[in-house]
Amino acid sequence: MSERESSTPSKGDKSTSAVSSRKTSETFEKHQVDSRANEEAPRPAAIERYRRFKKTRLGTALVWSSRIIVGGSALLVALVAAIYFWHARDLPGFETLADYEPLQSTHLVTRDGEIVGELFKERRTVVPLDEMPQLLCDAFIAAEDERFYEHVGLDYFGIARALVRNVQAGEVREGASTITQQVVKTFLLSPERRFSRKFQEMILARRLEQNLTKDEILYLYLNQIYFGHGRYGVQEAAAFYFDKNVQDLELAEAAMLAALPRAPNLYSPRRHPHRALGRRAYVLRRMVEAEMVDEEVARKAASEPMKLAPLPTRRVGESYIEEVRRMLNNSLGSELLLGGGLTVEIAMDPHMQSAAERALAENLRAIDKRQGWRGPITRLDPLSMEAVTRRFDELVSIRSARGLDGLHIMDISTIDEWPREEDAPPPMRLIQPAPDTVAAGIVIDVEDDSVKVDLGGFIGLLRLSGMRWARAFNPEERTPAPQRPQEVLNKGDVVLVRIHESPSFENDGPLTPRHSATSGRSDEADEHVVNDKDERPLIDVTLEQHPMVEGALVAIDPASRSIRAMVGGYDMRRSHFNRATQARRQPGSAFKPFVYGAAIETRRLTNASIVLDAPEMFRDPWTGDTWRPRNYDGRFDGDMTLRRSLALSKNAVAVRIADTVGVDAIIDFARRSGIESQLPRFLPLALGAGEVTPLELVNAYSTLAASGTFEEPVLVHSVKDQDGAILFQHVPAAEQVVSEEVAFILTDLLSSVLTEGTGRSLNKLGRPTAGKTGTTDDRRDAWFVGYTAELVAGVWIGFDEPQPLGRAEYGGRAAGPAWLAFMQDSLDDSMIRAFDVPSTVQFVRIDPNEGLLAPPGHEGVYEPFLPGSAPTREVITDALSPIDFLIAEP
């Protein structure tokens with residue numbers, strides 16, 4: 001190693017180090033001399049003046065002020081940053097359009113795609129921006145945010161302008177929220193009005209502008225905003241106000257929709273048409289100022305009358321839809337069901353559903369009338385009658401302003417709920433007059449042979465013949481019919497009436513309050529009689545009342561088990577209790593098919609078996625009680641065939657059968673058929689002492705109609721999400737639970753109920769039909785369940801709180817007419833099918849009185865039998881009658 005590389009200093013190294021130290025010391029001393037020389041040199045004048053100024057009071061103050069300003073600014077920046085990060089820490093993210101998951105309505109559709117109902121938390125249907133017309137987008141931008149495509153989420157110019165105008169006005173007259181801010185406010189933040197929320201809104205508006213395009217933000221806005229009357233988004237608003245899809249809107253309609261988001265209730269064209277027209281004109285002016293439309297085009301649109309679509313009519317199937325909602329809510333949850341934009345294909349047939357609702361309602365009204373008149377809805381004093389008149393005039397004026405001219409009928413059927421002490425207007429709706437329309441009006445005149453009822457645009461003429469049913473209320477005893485109108489009604493009574501003619505005269509102009517357009521026409525030329533003191537036309541009406549008695553109707557396609565119709569009561573708006581699925585009531589004799597089915601299945605009896613209809617005391621082996629059953633008419637007819645005993649619904653025979661085959665066999669047969677409710681193990685079960693729902697009883701009959709095949713009833717066929725993915729799909733799972741032969745023989749027995757038994761008044765379908773009536777003790781429940789090869793339907797009638805329906809209200813009379821009316825409306829006369837006959841069933845000619853084989857030339861009928869169960873003995877025909885015996889030769 002060389003000396004330079006050695007780590008140990010040598011002598012030569014020490015000498016070099018000493019020389020270096022001396023040089024460093026000399027350099028330092030020289031620097032000190034130069035420094036002193038610089039201090040003694042004269043300073044520039046500006047620096048000297050600055051040093052002298054700092055020593056003054058003003059200079060000192062300015063120095064400290066600048067330090068405070070700089071420090072305060074730093075603190076302010078830090079504070080703003082802290083506030084920003086504090087408020088921004090938990091804000092929701094929205095980075096792409098895929099994050100947009102609005103609440104959308106779930107649509108209930110039939111197999112052919114017809115929308116029959118909606119389930120929603122917010123009624124919204126999302127529409128892509130490219131399906132929205134440009135004039136619609138322009139209208140909203142002009143009304144809400146003219147500089148939308150220029151600012152970056154916050155319109156600072158707009159904020160300054162609004163501030164100046166509000167200060168000048170001395171109140172808040174103008175806002176400066178941009179469309180972006182409204183989007184943020186609508187679905188990313190809560191609606192509370194606080195500074196912190198406003199600060200968060202500004203932060204999110206900037207973020208939204210950074211992550212989405214302007215068109216995407218506009219798409220969010222137009223689909224999210226609220227338009228009043230429970231409608232969200234432009235598609236639902238267009239459908240509600242104009243009965244149009246959004247792409248079909250015209251300029252005046254688009255401007256009207258753009259007028260609503262600022263204050264949907266205040267500018268609602270349905271509630272405040274004059275304000276709505278003024279707001280629409282404002283939107284059109286803004287569009288002209290923004291050069292979006294020509295002034296002439298805007299002027300023409302502003303002059304157009306506001307033609308609103310009629311209010312949506314009540315859709316059929318309220319009971320059905322509520323049952324679907326209850327089912328899907330349990331399986332999917334309310335959040336997905338009410339906001340997921342699902343498409344639910346249901347099994348309902350709209351035509352059958354409408355027929356079912358109509359048939360049940362008419363039948364319930366008929367039963368209610370047989371029980372008598374319960375009195376008017378309420379009675380109004382003269383001041384209240386004047387208030388009703390004023391309210392009608394107001395509603396007519398509002399409709400006229402909307403361009404909805406014409407004569408209307410007022411309906412005040414809910415006026416008994418009117419809180420008069422709160423100075424509220426009387427509840428009223430206007431409806432178009434049509435045959436069979438039912439509305440409530442006020443009795444204004446009672447004469448010896450008729451009554452006049454104020455119906456708004458008309459006067460109802462209620463003749464004595466139209467109120468003959470209004471005898472004193474008594475379900476058990478038939479009281480005398482009224483002989484004079486004064487026995488039923490008084491002036492001021494609010495009553496329901498049914499219109500029995502269709503007013504069809506011309507209206508030459510807008511409807512003037514309290515007057516029709518019949519003036520100037522000859523009375524001889526007008527088929528309507530006009531009151532001398534009132535120009536309103538008279539129309540014939542009859543007296544009605546809402547029934548207290550309730551009912552249910554269920555119809556099932558036996559092949560697919562699809563529930564084609566379901567009605568749970570007279571009016572589901574009055575009660576949400578669905579009697580078709582929730583009411584458990586005794587079926588009475590409608591349960592007997594399962595008793596007879598068990599007897600045939602066990603081969604203990606056949607159609608031709610002779611049974612005894614006679615009084616007998618039974619000791620129930622399951623309870624130990626003794627019991628003597630009786631028939632509904634009190635008669636006992638002795639020996640008869642099994643077929644005839646079922647046709648005539650003989651209770652004594654049914655109990656004998658139950659005692660013979662055993663209650664357990666009956667319960668087993670009913671269970672397999674579809675009865676799921678708990679059934680009691682005692683002899684009265686043979687007469688329907690257990691409780692069932694209408695739905696399960698009709699489905700059990702469907703098993704018989706489907707040749708012994710059981711399947712659960714089907715409400716919903718499929719559920720798809722908004723992207724079309726299948727969430728649920730019904731898969732048929734039919735099971736043969738009763739042999740085809742037993743099901744057919746039992747169906748053949750039940751056909752005798754309509755041809756020769758308790759249901760013969762219902763045998764009017766012109767095709768093979770089977771069914772069974774049912775009536776419980778004291779006639780508290782009335783049933784009829786019947787079917788053809790294509791359709792099974794059942795009707796229950798009764799009070800929610802069990803009480804007698806009336807002395808003559810048996811199943812065939814109380815429930816049967818609703819079943820018949822429904823089936824006549826629902827079945828296709830061009831497609832008549834017979835019940836399928838199994839090839840293994842044996843048909844044998846039988847003497848109908850003896851139940852034995854009928855020899856050639858002897859009276860007989862063909863009866864179906866299980867293989868090997870037919871009788872083998874013939875009727876003895878050579879026996880002499882008593883008269884023949886006396887005159888015969890020895």
# chains A, B, ... in the order shown; residues from 1 in each chain; ligands from 1
$ select_by_dssp --residues "stretch 565-791 of chain A" --states "strand (DSSP E or B)" --output "number ranges by chain"
A: 565-567, 585, 610-613, 618-619, 626-627, 638-641, 692, 709-710, 714, 716-720, 726-729, 735-736, 770-775, 781-787
$ write_last_selection --atoms "C-alpha atoms" --output "PDB file, in the first residue's frame"
ATOM      1  CA  ALA A 565    -110.019 -13.465 -11.170  1.00  0.00           C
ATOM      2  CA  MET A 566    -110.138 -12.656  -7.474  1.00  0.00           C
ATOM      3  CA  VAL A 567    -112.453 -10.246  -5.687  1.00  0.00           C
ATOM      4  CA  ARG A 585    -115.710 -19.438   7.022  1.00  0.00           C
ATOM      5  CA  ILE A 610    -129.482 -46.742  -2.165  1.00  0.00           C
ATOM      6  CA  VAL A 611    -129.165 -44.567   0.941  1.00  0.00           C
ATOM      7  CA  LEU A 612    -131.751 -43.682   3.554  1.00  0.00           C
ATOM      8  CA  ASP A 613    -132.818 -40.088   4.161  1.00  0.00           C
ATOM      9  CA  PHE A 618    -125.884 -40.429  15.943  1.00  0.00           C
ATOM     10  CA  ARG A 619    -123.273 -40.885  18.619  1.00  0.00           C
ATOM     11  CA  THR A 626    -125.084 -37.518  20.454  1.00  0.00           C
ATOM     12  CA  TRP A 627    -126.556 -35.572  17.584  1.00  0.00           C
ATOM     13  CA  GLY A 638    -136.643 -41.998   2.598  1.00  0.00           C
ATOM     14  CA  ASP A 639    -134.714 -44.242   0.209  1.00  0.00           C
ATOM     15  CA  MET A 640    -132.877 -42.633  -2.720  1.00  0.00           C
ATOM     16  CA  THR A 641    -129.744 -43.111  -4.765  1.00  0.00           C
ATOM     17  CA  VAL A 692    -111.840 -22.721   4.885  1.00  0.00           C
ATOM     18  CA  THR A 709    -104.525 -33.397 -10.550  1.00  0.00           C
ATOM     19  CA  PHE A 710    -103.489 -31.023  -7.767  1.00  0.00           C
ATOM     20  CA  VAL A 714    -100.852 -19.434  -9.290  1.00  0.00           C
ATOM     21  CA  VAL A 716     -97.586 -14.789 -10.454  1.00  0.00           C
ATOM     22  CA  HIS A 717     -96.025 -16.400 -13.515  1.00  0.00           C
ATOM     23  CA  SER A 718     -92.716 -14.531 -13.504  1.00  0.00           C
ATOM     24  CA  VAL A 719     -90.766 -11.596 -12.070  1.00  0.00           C
ATOM     25  CA  LYS A 720     -88.060  -9.770 -14.048  1.00  0.00           C
ATOM     26  CA  ILE A 726     -85.565 -13.413 -14.354  1.00  0.00           C
ATOM     27  CA  LEU A 727     -85.892 -13.257 -10.568  1.00  0.00           C
ATOM     28  CA  PHE A 728     -88.758 -15.746 -10.332  1.00  0.00           C
ATOM     29  CA  GLN A 729     -90.379 -18.158 -12.752  1.00  0.00           C
ATOM     30  CA  GLU A 735     -99.463 -34.128  -8.918  1.00  0.00           C
ATOM     31  CA  GLN A 736    -102.091 -36.830  -9.392  1.00  0.00           C
ATOM     32  CA  ALA A 770    -120.923 -29.281 -12.133  1.00  0.00           C
ATOM     33  CA  GLY A 771    -121.160 -27.557  -8.795  1.00  0.00           C
ATOM     34  CA  LYS A 772    -122.479 -27.485  -5.251  1.00  0.00           C
ATOM     35  CA  THR A 773    -124.460 -25.061  -3.132  1.00  0.00           C
ATOM     36  CA  GLY A 774    -123.597 -24.456   0.507  1.00  0.00           C
ATOM     37  CA  THR A 775    -125.496 -22.865   3.391  1.00  0.00           C
ATOM     38  CA  ASP A 781    -122.767 -18.113   5.092  1.00  0.00           C
ATOM     39  CA  ALA A 782    -123.915 -18.833   1.536  1.00  0.00           C
ATOM     40  CA  TRP A 783    -121.741 -20.543  -1.084  1.00  0.00           C
ATOM     41  CA  PHE A 784    -121.778 -21.758  -4.621  1.00  0.00           C
ATOM     42  CA  VAL A 785    -118.774 -23.381  -6.257  1.00  0.00           C
ATOM     43  CA  GLY A 786    -119.226 -24.598  -9.818  1.00  0.00           C
ATOM     44  CA  TYR A 787    -117.122 -25.479 -12.815  1.00  0.00           C
TER      45      TYR A 787
END
$ closest_atom_pairs --of "stretch 252-317 of chain A" --to "stretch 123-144 of chain A" --cutoff "6 Å" --atoms "only C-alpha atoms" --output "Markdown table"
| residue | atom | partner | partner_atom | distance |
| --- | --- | --- | --- | --- |
| A:Ala254 | CA | A:Leu136 | CA | 5.1 |
| A:Ala255 | CA | A:Ala139 | CA | 5.6 |
| A:Ala258 | CA | A:Phe140 | CA | 4.9 |
| A:Val283 | CA | A:Ala143 | CA | 5.4 |
| A:Arg286 | CA | A:Ala142 | CA | 5.5 |
| A:Met287 | CA | A:Ala142 | CA | 5.4 |
$ write_last_selection --atoms "N, CA and C atoms" --output "mmCIF file, in the first residue's frame"
data_model
loop_
_atom_site.group_PDB
_atom_site.id
_atom_site.type_symbol
_atom_site.label_atom_id
_atom_site.label_comp_id
_atom_site.auth_asym_id
_atom_site.auth_seq_id
_atom_site.Cartn_x
_atom_site.Cartn_y
_atom_site.Cartn_z
ATOM 1 N N ALA A 254 -94.955 20.508 -23.139
ATOM 2 C CA ALA A 254 -93.606 20.494 -22.567
ATOM 3 C C ALA A 254 -93.390 21.687 -21.648
ATOM 4 N N ALA A 255 -93.873 22.863 -22.067
ATOM 5 C CA ALA A 255 -93.736 24.062 -21.232
ATOM 6 C C ALA A 255 -94.509 23.913 -19.934
ATOM 7 N N ALA A 258 -92.460 21.760 -17.662
ATOM 8 C CA ALA A 258 -91.307 22.517 -17.179
ATOM 9 C C ALA A 258 -91.709 23.549 -16.137
ATOM 10 N N VAL A 283 -92.585 30.195 -18.856
ATOM 11 C CA VAL A 283 -91.609 29.275 -19.452
ATOM 12 C C VAL A 283 -91.446 29.561 -20.939
ATOM 13 N N ARG A 286 -89.343 32.632 -21.442
ATOM 14 C CA ARG A 286 -87.936 32.339 -21.199
ATOM 15 C C ARG A 286 -87.311 31.603 -22.387
ATOM 16 N N MET A 287 -88.074 30.748 -23.032
ATOM 17 C CA MET A 287 -87.572 30.039 -24.206
ATOM 18 C C MET A 287 -87.342 30.999 -25.372
#
$ atom_distance --atom1 "atom CA of A:Asn651" --atom2 "atom CA of A:Ala686"
8.2 Å
$ select_by_dssp --residues "stretch 621-852 of chain A" --states "helix (DSSP H, G or I)" --output "PyMOL selection string"
chain A and resi 642-647+651-661+663-673+683-687+694-705+740-756+760-762+777-779+811-814+816-826
$ closest_residue --among "A:Val494, A:Ala818, A:Leu852, A:Leu464" --to "A:Pro482" --atoms "only C-alpha atoms"
A:Leu464
